[in-house]
$ cat work-v6.cif   # mmCIF, C-alpha atoms
data_entry
loop_
_atom_site.label_atom_id
_atom_site.label_comp_id
_atom_site.auth_asym_id
_atom_site.auth_seq_id
_atom_site.Cartn_x
_atom_site.Cartn_y
_atom_site.Cartn_z
CA MET J 25 0.00 0.00 0.00
CA ASP J 26 1.34 3.41 -1.02
CA THR J 27 1.52 6.09 1.64
CA LYS J 28 -0.76 9.00 0.76
CA THR J 29 -1.21 12.56 1.94
CA ILE J 30 -4.78 12.80 3.19
CA VAL J 31 -6.70 15.93 4.17
CA ILE J 32 -9.79 15.59 6.33
CA ILE J 33 -12.11 18.58 6.60
CA GLY J 34 -13.91 18.52 9.94
CA ALA J 35 -12.64 17.33 13.33
CA GLY J 36 -15.83 15.81 14.67
CA PRO J 37 -15.73 12.27 16.05
CA VAL J 38 -16.23 10.65 12.63
CA GLY J 39 -13.54 12.74 10.92
CA CYS J 40 -11.09 12.18 13.79
CA TYR J 41 -11.83 8.45 13.92
CA ALA J 42 -11.08 8.24 10.19
CA ALA J 43 -7.88 10.22 10.83
CA HIS J 44 -6.85 7.78 13.57
CA LEU J 45 -7.49 4.72 11.41
CA LEU J 46 -5.72 6.16 8.35
CA ALA J 47 -2.73 7.48 10.30
CA ASP J 48 -2.38 4.03 11.84
CA GLN J 49 -2.03 2.71 8.29
CA GLY J 50 0.96 5.01 7.78
CA HIS J 51 -0.66 7.79 5.78
CA GLU J 52 0.20 11.44 6.32
CA VAL J 53 -3.09 12.81 7.67
CA THR J 54 -4.02 16.43 8.40
CA VAL J 55 -7.40 17.41 9.84
CA TYR J 56 -8.68 20.96 9.41
CA GLU J 57 -11.38 22.26 11.79
CA ASN J 58 -12.96 25.68 11.36
CA HIS J 59 -13.95 26.12 15.03
CA PRO J 60 -11.38 27.19 17.65
CA GLN J 61 -12.20 24.25 19.94
CA ILE J 62 -12.87 20.57 19.24
CA GLY J 63 -16.39 19.56 20.28
CA SER J 64 -17.82 23.07 20.47
CA PRO J 65 -20.48 24.18 19.77
CA VAL J 66 -22.46 21.12 20.84
CA GLN J 67 -25.08 20.17 18.25
CA CYS J 68 -26.10 16.65 19.29
CA THR J 69 -27.89 14.88 22.14
CA GLY J 70 -24.93 12.51 22.59
CA LEU J 71 -26.94 9.30 22.87
CA LEU J 72 -25.39 5.99 21.79
CA THR J 73 -27.02 2.59 21.51
CA GLY J 74 -25.33 -0.47 22.97
CA ASP J 75 -23.86 -1.13 19.51
CA PHE J 76 -21.09 1.29 20.49
CA ASP J 77 -19.55 -1.63 22.39
CA GLU J 78 -18.83 -3.32 19.04
CA LEU J 79 -16.22 -0.65 18.25
CA GLY J 80 -14.08 -1.82 21.16
CA LEU J 81 -13.50 1.71 22.44
CA PRO J 82 -13.47 2.76 26.12
CA ILE J 83 -16.46 4.82 27.20
CA LYS J 84 -15.80 5.77 30.83
CA SER J 85 -13.83 8.93 30.04
CA PHE J 86 -16.80 10.63 28.35
CA LEU J 87 -19.80 8.78 29.85
CA VAL J 88 -22.42 10.97 31.57
CA ASN J 89 -25.11 8.37 32.24
CA THR J 90 -26.07 4.80 31.40
CA ILE J 91 -29.71 4.50 30.36
CA ASP J 92 -31.64 1.35 31.19
CA SER J 93 -35.17 2.09 29.92
CA ILE J 94 -37.09 3.97 27.24
CA GLU J 95 -40.57 5.33 27.86
CA VAL J 96 -42.64 5.77 24.70
CA ASN J 97 -45.63 8.11 24.83
CA SER J 98 -48.38 8.54 22.26
CA PRO J 99 -51.34 10.90 22.89
CA ASN J 100 -53.25 8.31 24.93
CA HIS J 101 -50.87 5.44 25.66
CA LYS J 102 -47.55 4.88 27.38
CA ILE J 103 -45.17 1.92 27.46
CA GLU J 104 -41.71 1.26 28.84
CA LEU J 105 -39.06 -1.09 27.53
CA ALA J 106 -35.67 -2.10 28.88
CA GLN J 107 -32.81 -0.90 26.68
CA LYS J 108 -29.16 -0.18 27.39
CA GLU J 109 -27.95 3.17 26.04
CA TYR J 110 -25.08 5.51 26.77
CA LEU J 111 -25.36 9.27 27.24
CA VAL J 112 -22.04 11.00 26.64
CA CYS J 113 -20.52 14.44 27.07
CA ARG J 114 -20.05 15.54 23.48
CA VAL J 115 -17.10 17.81 24.27
CA LYS J 116 -15.22 14.95 25.97
CA PHE J 117 -16.43 12.48 23.34
CA ASP J 118 -15.17 14.59 20.44
CA ASN J 119 -11.86 15.27 22.17
CA PHE J 120 -11.38 11.56 22.85
CA PHE J 121 -11.38 10.92 19.11
CA ALA J 122 -9.21 13.97 18.46
CA ASP J 123 -6.63 12.64 20.95
CA LEU J 124 -6.87 9.21 19.33
CA ALA J 125 -6.04 10.79 15.96
CA ARG J 126 -3.09 12.74 17.37
CA LYS J 127 -1.66 9.68 19.10
CA SER J 128 -1.75 7.85 15.78
CA GLY J 129 0.29 10.63 14.16
CA ALA J 130 -2.39 12.80 12.53
CA THR J 131 -2.06 16.58 12.64
CA LEU J 132 -5.13 18.54 13.83
CA LEU J 133 -5.40 22.24 13.06
CA THR J 134 -8.25 24.30 14.52
CA ASN J 135 -9.28 27.75 13.22
CA HIS J 136 -8.72 26.41 9.70
CA ALA J 137 -11.76 26.49 7.40
CA PHE J 138 -12.18 25.01 3.93
CA VAL J 139 -12.93 27.89 1.56
CA ARG J 140 -12.92 26.55 -1.98
CA LYS J 141 -11.33 24.20 -4.47
CA GLU J 142 -9.13 25.28 -7.38
CA GLY J 143 -8.36 22.33 -9.59
CA ARG J 144 -7.06 19.69 -7.19
CA GLU J 145 -5.84 22.30 -4.72
CA LEU J 146 -7.80 23.07 -1.56
CA ILE J 147 -7.86 26.62 -0.25
CA ILE J 148 -7.91 26.70 3.55
CA TYR J 149 -8.38 29.90 5.57
CA ASN J 150 -6.38 30.29 8.78
CA SER J 151 -8.58 32.61 10.86
CA VAL J 152 -5.86 33.27 13.45
CA GLU J 153 -3.21 34.43 11.00
CA LYS J 154 -5.92 35.71 8.64
CA LYS J 155 -4.44 34.18 5.53
CA GLU J 156 -5.23 31.52 2.97
CA ILE J 157 -3.08 28.45 2.49
CA ARG J 158 -3.06 26.01 -0.39
CA VAL J 159 -2.80 22.26 0.01
CA LEU J 160 -2.58 19.56 -2.63
CA PRO J 161 -3.45 16.22 -1.01
CA ASP J 162 -3.71 12.84 -2.66
CA LEU J 163 -7.08 12.25 -1.01
CA VAL J 164 -9.74 14.51 0.52
CA ILE J 165 -12.28 13.39 3.10
CA ALA J 166 -15.32 15.58 3.68
CA ALA J 167 -16.34 15.20 7.32
CA ASP J 168 -17.63 18.73 7.72
CA GLY J 169 -21.24 18.11 8.62
CA PRO J 170 -24.68 18.05 7.01
CA LEU J 171 -24.15 21.16 4.87
CA SER J 172 -20.60 20.10 3.91
CA PRO J 173 -18.95 22.86 1.82
CA THR J 174 -16.29 20.30 0.89
CA ALA J 175 -18.84 17.86 -0.55
CA LYS J 176 -20.50 20.69 -2.46
CA ALA J 177 -17.19 21.87 -3.92
CA HIS J 178 -16.42 18.33 -5.14
CA GLY J 179 -19.86 17.76 -6.67
CA LEU J 180 -20.81 15.27 -3.96
CA TYR J 181 -23.79 16.99 -2.37
CA HIS J 182 -27.03 15.49 -3.66
CA SER J 183 -29.41 18.22 -4.80
CA GLU J 184 -32.48 16.53 -3.24
CA ARG J 185 -31.05 16.08 0.24
CA GLU J 186 -33.26 17.27 3.09
CA ASN J 187 -32.40 18.38 6.60
CA TYR J 188 -34.08 18.48 9.97
CA TYR J 189 -33.46 21.33 12.38
CA GLY J 190 -32.95 20.22 15.95
CA ILE J 191 -33.25 22.25 19.14
CA GLN J 192 -32.26 20.99 22.56
CA ALA J 193 -31.92 22.42 26.05
CA THR J 194 -30.32 21.18 29.21
CA VAL J 195 -32.91 21.59 31.96
CA GLU J 196 -33.11 21.06 35.70
CA GLY J 197 -35.95 19.29 37.46
CA ASP J 198 -37.05 15.94 38.84
CA PHE J 199 -36.29 13.04 36.46
CA ALA J 200 -36.06 9.26 36.50
CA PRO J 201 -32.26 8.92 36.69
CA ALA J 202 -31.67 6.37 33.91
CA LYS J 203 -34.51 6.86 31.45
CA ILE J 204 -35.29 8.25 28.01
CA GLN J 205 -38.79 9.59 27.45
CA THR J 206 -40.09 10.02 23.90
CA TYR J 207 -43.29 11.75 22.80
CA PHE J 208 -44.94 10.83 19.50
CA SER J 209 -47.77 13.10 18.41
CA ASN J 210 -48.41 15.61 15.69
CA GLU J 211 -48.99 18.25 18.32
CA ALA J 212 -45.64 17.72 20.07
CA CYS J 213 -43.48 17.22 17.00
CA PRO J 214 -44.92 16.34 13.58
CA GLY J 215 -42.60 14.20 11.51
CA LEU J 216 -40.45 13.00 14.40
CA PHE J 217 -40.77 13.05 18.21
CA ALA J 218 -39.75 15.02 21.28
CA TRP J 219 -37.32 13.57 23.81
CA VAL J 220 -36.26 13.89 27.44
CA VAL J 221 -32.95 12.16 28.19
CA SER J 222 -31.88 12.05 31.82
CA GLU J 223 -28.36 13.05 32.76
CA SER J 224 -29.25 12.43 36.40
CA SER J 225 -32.23 12.63 38.75
CA THR J 226 -32.04 16.44 38.61
CA ARG J 227 -30.89 17.22 35.06
CA ALA J 228 -31.96 16.21 31.55
CA ARG J 229 -31.52 17.01 27.86
CA VAL J 230 -34.84 17.98 26.26
CA GLY J 231 -35.32 18.50 22.57
CA LEU J 232 -36.96 17.78 19.26
CA ALA J 233 -36.30 18.15 15.54
CA ALA J 234 -38.49 19.04 12.58
CA LYS J 235 -38.10 20.03 8.95
CA LYS J 236 -39.70 23.38 9.71
CA ASN J 237 -41.00 25.39 12.68
CA SER J 238 -38.85 23.40 15.12
CA ARG J 239 -38.44 26.38 17.47
CA GLU J 240 -42.20 26.84 17.63
CA TYR J 241 -42.77 23.19 18.61
CA PHE J 242 -39.84 23.26 21.01
CA ASP J 243 -41.13 26.33 22.85
CA ALA J 244 -44.60 24.78 23.14
CA PHE J 245 -43.18 21.51 24.51
CA MET J 246 -41.03 23.34 27.04
CA LYS J 247 -43.95 25.49 28.19
CA LYS J 248 -46.32 22.53 28.48
CA ASN J 249 -43.87 20.69 30.73
CA GLY J 250 -42.68 23.73 32.68
CA TYR J 251 -39.01 23.23 31.83
CA GLN J 252 -36.53 26.04 32.45
CA VAL J 253 -33.53 26.32 30.14
CA VAL J 254 -30.05 26.01 31.61
CA GLU J 255 -28.21 25.77 28.29
CA MET J 256 -29.36 25.67 24.66
CA GLN J 257 -28.03 23.85 21.61
CA ALA J 258 -29.24 23.72 18.02
CA GLY J 259 -28.07 22.10 14.83
CA THR J 260 -28.87 20.84 11.35
CA ILE J 261 -29.39 17.09 10.97
CA PRO J 262 -29.36 15.42 7.54
CA LEU J 263 -31.96 12.98 6.32
CA TYR J 264 -30.39 9.95 4.64
CA HIS J 265 -30.74 9.95 0.84
CA PRO J 266 -30.15 6.62 -0.94
CA ALA J 267 -28.90 8.33 -4.12
CA GLN J 268 -26.12 10.20 -2.29
CA LYS J 269 -22.75 9.36 -3.85
CA LEU J 270 -19.92 8.64 -1.43
CA GLN J 271 -16.91 9.20 -3.67
CA GLN J 272 -15.94 11.26 -6.69
CA ASP J 273 -12.38 11.44 -8.01
CA ASN J 274 -10.13 11.81 -4.95
CA CYS J 275 -12.85 12.99 -2.53
CA TYR J 276 -14.84 10.86 -0.08
CA VAL J 277 -17.76 11.91 2.11
CA VAL J 278 -18.31 10.44 5.57
CA GLY J 279 -20.73 10.79 8.49
CA ASP J 280 -23.20 13.69 8.41
CA ALA J 281 -21.56 14.97 5.23
CA ALA J 282 -22.66 11.71 3.61
CA GLY J 283 -26.08 11.82 5.28
CA PHE J 284 -25.32 8.58 7.11
CA VAL J 285 -27.97 9.14 9.74
CA LYS J 286 -30.85 6.91 10.87
CA ALA J 287 -34.02 8.49 9.48
CA THR J 288 -36.13 7.07 12.31
CA THR J 289 -34.26 8.76 15.16
CA LEU J 290 -31.72 11.05 13.42
CA GLY J 291 -28.89 9.29 15.24
CA GLY J 292 -25.68 9.42 13.23
CA LEU J 293 -22.75 8.73 15.54
CA ILE J 294 -22.62 4.94 15.27
CA PRO J 295 -23.39 4.77 11.50
CA GLY J 296 -20.75 7.47 10.96
CA LEU J 297 -18.08 5.74 13.05
CA LYS J 298 -18.75 2.45 11.28
CA GLN J 299 -18.55 4.25 7.96
CA ALA J 300 -15.16 5.67 8.95
CA LYS J 301 -13.97 2.10 9.41
CA ALA J 302 -15.38 1.19 5.99
CA LEU J 303 -13.55 4.15 4.44
CA ALA J 304 -10.22 3.23 6.04
CA ARG J 305 -10.64 -0.36 4.90
CA SER J 306 -11.44 0.79 1.35
CA ILE J 307 -8.31 2.97 1.16
CA GLN J 308 -6.11 0.26 2.69
CA LEU J 309 -7.32 -2.53 0.40
CA GLY J 310 -8.05 -0.50 -2.71
CA THR J 311 -11.67 -1.68 -2.69
CA SER J 312 -14.84 0.22 -3.54
CA TYR J 313 -15.87 2.63 -0.79
CA GLU J 314 -19.50 2.28 -1.86
CA LYS J 315 -19.32 -1.52 -1.44
CA GLU J 316 -17.52 -1.29 1.90
CA SER J 317 -20.27 1.06 3.13
CA ALA J 318 -23.09 -1.01 1.63
CA PRO J 319 -24.03 -2.95 4.82
CA ILE J 320 -24.47 0.33 6.70
CA ALA J 321 -26.37 1.91 3.80
CA LYS J 322 -28.71 -1.11 3.66
CA ARG J 323 -29.75 -0.50 7.25
CA LEU J 324 -30.17 3.22 6.62
CA ARG J 325 -32.45 2.53 3.66
CA MET J 326 -34.69 0.46 5.95
CA HIS J 327 -34.77 3.30 8.48
CA LEU J 328 -35.79 5.62 5.63
CA ARG J 329 -38.64 3.31 4.60
CA ILE J 330 -39.91 3.28 8.17
CA ARG J 331 -39.64 7.08 8.35
CA LYS J 332 -41.76 7.44 5.20
CA ILE J 333 -44.47 5.35 6.86
CA LEU J 334 -44.28 7.25 10.16
CA ASP J 335 -44.50 10.57 8.32
CA LYS J 336 -48.07 9.64 7.31
CA PHE J 337 -49.22 8.76 10.83
CA ASN J 338 -51.98 10.64 12.60
CA ASP J 339 -52.30 10.54 16.39
CA LYS J 340 -54.66 7.55 16.25
CA ASP J 341 -51.96 5.65 14.36
CA PHE J 342 -49.40 6.49 17.06
CA ASP J 343 -51.84 5.28 19.72
CA ARG J 344 -52.39 2.04 17.84
CA LEU J 345 -48.64 1.55 17.34
CA VAL J 346 -47.82 2.05 21.03
CA LYS J 347 -50.69 -0.21 22.05
CA TYR J 348 -49.40 -3.04 19.82
CA VAL J 349 -45.80 -2.54 20.91
CA GLY J 350 -46.83 -2.66 24.57
CA GLN J 351 -47.70 -6.35 24.38
CA SER J 352 -45.20 -8.59 26.14
CA ARG J 353 -44.65 -10.73 23.03
CA VAL J 354 -43.58 -7.61 21.13
CA LEU J 355 -41.65 -5.95 23.94
CA ASP J 356 -39.54 -9.10 24.28
CA ILE J 357 -38.28 -8.58 20.73
CA LEU J 358 -37.58 -4.86 21.10
CA GLN J 359 -35.69 -5.44 24.33
CA THR J 360 -33.27 -7.91 22.73
CA HIS J 361 -32.30 -5.71 19.75
CA THR J 362 -30.95 -2.18 19.39
CA ARG J 363 -32.53 0.21 16.91
CA GLU J 364 -29.42 0.25 14.70
CA ASN J 365 -30.69 -2.65 12.59
CA PRO J 366 -34.50 -2.56 12.24
CA LEU J 367 -34.94 -5.45 9.78
CA PRO J 368 -34.83 -8.39 12.26
CA ILE J 369 -37.12 -6.44 14.58
CA LEU J 370 -39.69 -5.90 11.82
CA LEU J 371 -39.59 -9.52 10.70
CA LYS J 372 -40.02 -10.95 14.19
CA VAL J 373 -42.66 -8.42 15.22
CA GLY J 374 -44.64 -9.07 12.03
CA ILE J 375 -44.80 -12.76 12.85
CA ARG J 376 -45.80 -12.30 16.49
CA GLU J 377 -48.31 -9.51 15.88
CA PRO J 378 -49.89 -9.68 12.40
CA ARG J 379 -51.94 -6.54 13.12
CA PHE J 380 -48.83 -4.50 12.37
CA ALA J 381 -49.76 -5.05 8.71
CA TYR J 382 -52.34 -2.31 9.28
CA PHE J 383 -49.57 0.27 9.00
CA LEU J 384 -48.51 -0.92 5.56
CA LYS J 385 -51.36 1.17 4.13
CA HIS J 386 -48.98 4.13 4.64
CA PHE J 387 -46.22 2.45 2.60
CA VAL J 388 -47.77 3.31 -0.76
#

$ encode --input "work-v6.cif" --output "structure tokens"
Amino acid sequence: MDTKTIVIIGAGPVGCYAAHLLADQGHEVTVYENHPQIGSPVQCTGLLTGDFDELGLPIKSFLVNTIDSIEVNSPNHKIELAQKEYLVCRVKFDNFFADLARKSGATLLTNHAFVRKEGRELIIYNSVEKKEIRVLPDLVIAADGPLSPTAKAHGLYHSERENYYGIQATVEGDFAPAKIQTYFSNEACPGLFAWVVSESSTRARVGLAAKKNSREYFDAFMKKNGYQVVEMQAGTIPLYHPAQKLQQDNCYVVGDAAGFVKATTLGGLIPGLKQAKALARSIQLGTSYEKESAPIAKRLRMHLRIRKILDKFNDKDFDRLVKYVGQSRVLDILQTHTRENPLPILLKVGIREPRFAYFLKHFV
């Protein structure tokens, strides 16, 4: 394998994990981050399913809370299922991956923003020294988020991509110490759901996301529940698009820049980290990046199909769904699988509760 000079735009966890893996292979890797600090501003809930354990990475250094149950609320029904999840501090989480990249030999430069592309040269702006620099890497990796200027400059941003707009607040109050609460209704959050994720018995992360009017729904949800804001975060979240290309010429897209996000929950950390591994494997072996990413993309397509069904739900449909899910024979299935891979859940649930076929009317 030839050693290559690789530029990664964006020092989020996915970009830094790719930097770590590629630097370990012996490549000369430089990561450019436009913000002055890694992990700031925070634009994510920081919730990981138990599938994070598959990556073989330590979690204690950035763990805030271990979740053991999820409460699902529809307008007139409520159920609870056992599920192991991790809530992390995103600043510590992001810096863990940045440190991992540095220890592997990658160079990380903050206050450096991608500006444009001229031929194969990248123009990077150093906001501290207030000057442009030119770099000519062998490979470019766009890991600069859902609106990725790097992907756009390389013709890798699909014109039909859609985004959600998420708003979240840290609040203080009285909470079950190891629980996630979700609220499915068209009043609370049409097109997705609202969430309350406990950091502790006295603190939680409360938020929602929508394609439009997210602040309006967020303010109404906060007022209805009497929550007082301690700290606010907001961010753009991409909706997975199956026609999104992952590579063109010497540029690859990864993570949010590739739209590798679960359309059901808008969680992108684990798909993105797994995609970083697929990218590193592709570069190491000289294989197709699209094929290496295909198993992840297959799951994301299933999440997208489910999202298209849920988008057509009215509140009676949500009530019916929660009622069916609340049966012990269905809960048993949900409690033995994470939401990363929905296909085995759907197959098993369909066999145990044939009435789920009712929702297929929304599939057309």

$ resolve_selection --input "work-v6.cif" --expression "the PyMOL selection byres ((chain J and resi 49) around 9)" --output "PyMOL selection string"
chain J and resi 25+27+44-48+50-51+304+308

$ closest_atom_pairs --input "work-v6.cif" --of "segment 180-299 of chain J" --to "segment 333-345 of chain J" --cutoff "9 Å" --atoms "all atoms listed in the file" --output "tab-separated table"
residue	atom	partner	partner_atom	distance
J:Phe208	CA	J:Phe342	CA	6.7
J:Ser209	CA	J:Asp339	CA	5.6
J:Asn210	CA	J:Asp339	CA	6.4
J:Glu211	CA	J:Asp339	CA	8.6
J:Pro214	CA	J:Asp335	CA	7.8
J:Gly215	CA	J:Asp335	CA	5.2
J:Leu216	CA	J:Asp335	CA	7.7
J:Thr288	CA	J:Leu334	CA	8.4

$ atom_distance --input "work-v6.cif" --atom1 "atom CA of Ala43 of chain J" --atom2 "atom CA of Val55 of chain J"
7.3 Å

$ closest_residue --input "work-v6.cif" --among "J:Asn249, J:Leu160, J:Gly39, J:Leu309" --to "Arg144 of chain J" --atoms "only C-alpha atoms"
J:Leu160

$ resolve_selection --input "work-v6.cif" --expression "the PyMOL selection byres ((chain J and resi 275) around 7)" --output "PDB file with C-alpha atoms, keeping the file's coordinate frame"
ATOM      1  CA  LEU J 163      -7.080  12.250  -1.010  1.00  0.00           C
ATOM      2  CA  VAL J 164      -9.740  14.510   0.520  1.00  0.00           C
ATOM      3  CA  ILE J 165     -12.280  13.390   3.100  1.00  0.00           C
ATOM      4  CA  HIS J 178     -16.420  18.330  -5.140  1.00  0.00           C
ATOM      5  CA  GLN J 271     -16.910   9.200  -3.670  1.00  0.00           C
ATOM      6  CA  GLN J 272     -15.940  11.260  -6.690  1.00  0.00           C
ATOM      7  CA  ASP J 273     -12.380  11.440  -8.010  1.00  0.00           C
ATOM      8  CA  ASN J 274     -10.130  11.810  -4.950  1.00  0.00           C
ATOM      9  CA  TYR J 276     -14.840  10.860  -0.080  1.00  0.00           C
ATOM     10  CA  VAL J 277     -17.760  11.910   2.110  1.00  0.00           C
TER      11      VAL J 277
END

$ atom_distance --input "work-v6.cif" --atom1 "atom CA of Ala137 of chain J" --atom2 "atom CA of Lys116 of chain J"
22.1 Å

$ atom_distance --input "work-v6.cif" --atom1 "atom CA of Lys322 of chain J" --atom2 "atom CA of Phe284 of chain J"
10.8 Å

$ axis_aligned_box --input "work-v6.cif" --around "segment 325-331 of chain J" --padding-each-side "5 Å" --output "AutoDock Vina command-line options"
--center_x -36.2 --center_y 3.8 --center_z 6.1 --size_x 17.5 --size_y 16.6 --size_z 14.8

$ closest_residue --input "work-v6.cif" --among "J:Leu355, J:Leu72, J:Ala267, J:Ile191" --to "Arg376 of chain J" --atoms "only C-alpha atoms"
J:Leu355

$ resolve_selection --input "work-v6.cif" --expression "the PyMOL selection byres ((chain J and resi 156) around 12)" --output "list in words"
Asn135, His136, Ala137, Phe138, Val139, Arg140, Leu146, Ile147, Ile148, Tyr149, Asn150, Ser151, Val152, Glu153, Lys154, Lys155, Ile157, Arg158 and Val159 of chain J

$ closest_residue --input "work-v6.cif" --among "J:Gly190, J:Gly169, J:Gly197, J:Pro99" --to "Ala282 of chain J" --atoms "all atoms listed in the file"
J:Gly169

$ residues_around --input "work-v6.cif" --residues "Gly279 of chain J" --least-positions-apart "3" --cutoff "8 Å" --atoms "only C-alpha atoms" --output "PyMOL selection string"
chain J and resi 38-39+167+169+282-285+292-293+295-297+299-300

$ residues_around --input "work-v6.cif" --residues "Thr54 of chain J" --least-positions-apart "3" --cutoff "9 Å" --atoms "all atoms listed in the file" --output "list in words"
Thr29, Ile30, Val31, Ile32, Ile33, Ala43, Ala130, Thr131, Leu132 and Leu133 of chain J

$ residues_around --input "work-v6.cif" --residues "Glu223 of chain J" --least-positions-apart "6" --cutoff "12 Å" --atoms "all atoms listed in the file" --output "count of residues only"
26

$ residues_around --input "work-v6.cif" --residues "Ser183 of chain J" --least-positions-apart "3" --cutoff "12 Å" --atoms "all atoms listed in the file" --output "CSV table (one decimal) with C-alpha atoms, keeping the file's coordinate frame"
chain,number,residue,atom,x,y,z
J,171,LEU,CA,-24.2,21.2,4.9
J,175,ALA,CA,-18.8,17.9,-0.6
J,176,LYS,CA,-20.5,20.7,-2.5
J,179,GLY,CA,-19.9,17.8,-6.7
J,180,LEU,CA,-20.8,15.3,-4.0
J,186,GLU,CA,-33.3,17.3,3.1
J,187,ASN,CA,-32.4,18.4,6.6
J,265,HIS,CA,-30.7,10.0,0.8
J,267,ALA,CA,-28.9,8.3,-4.1
J,268,GLN,CA,-26.1,10.2,-2.3
J,269,LYS,CA,-22.8,9.4,-3.8
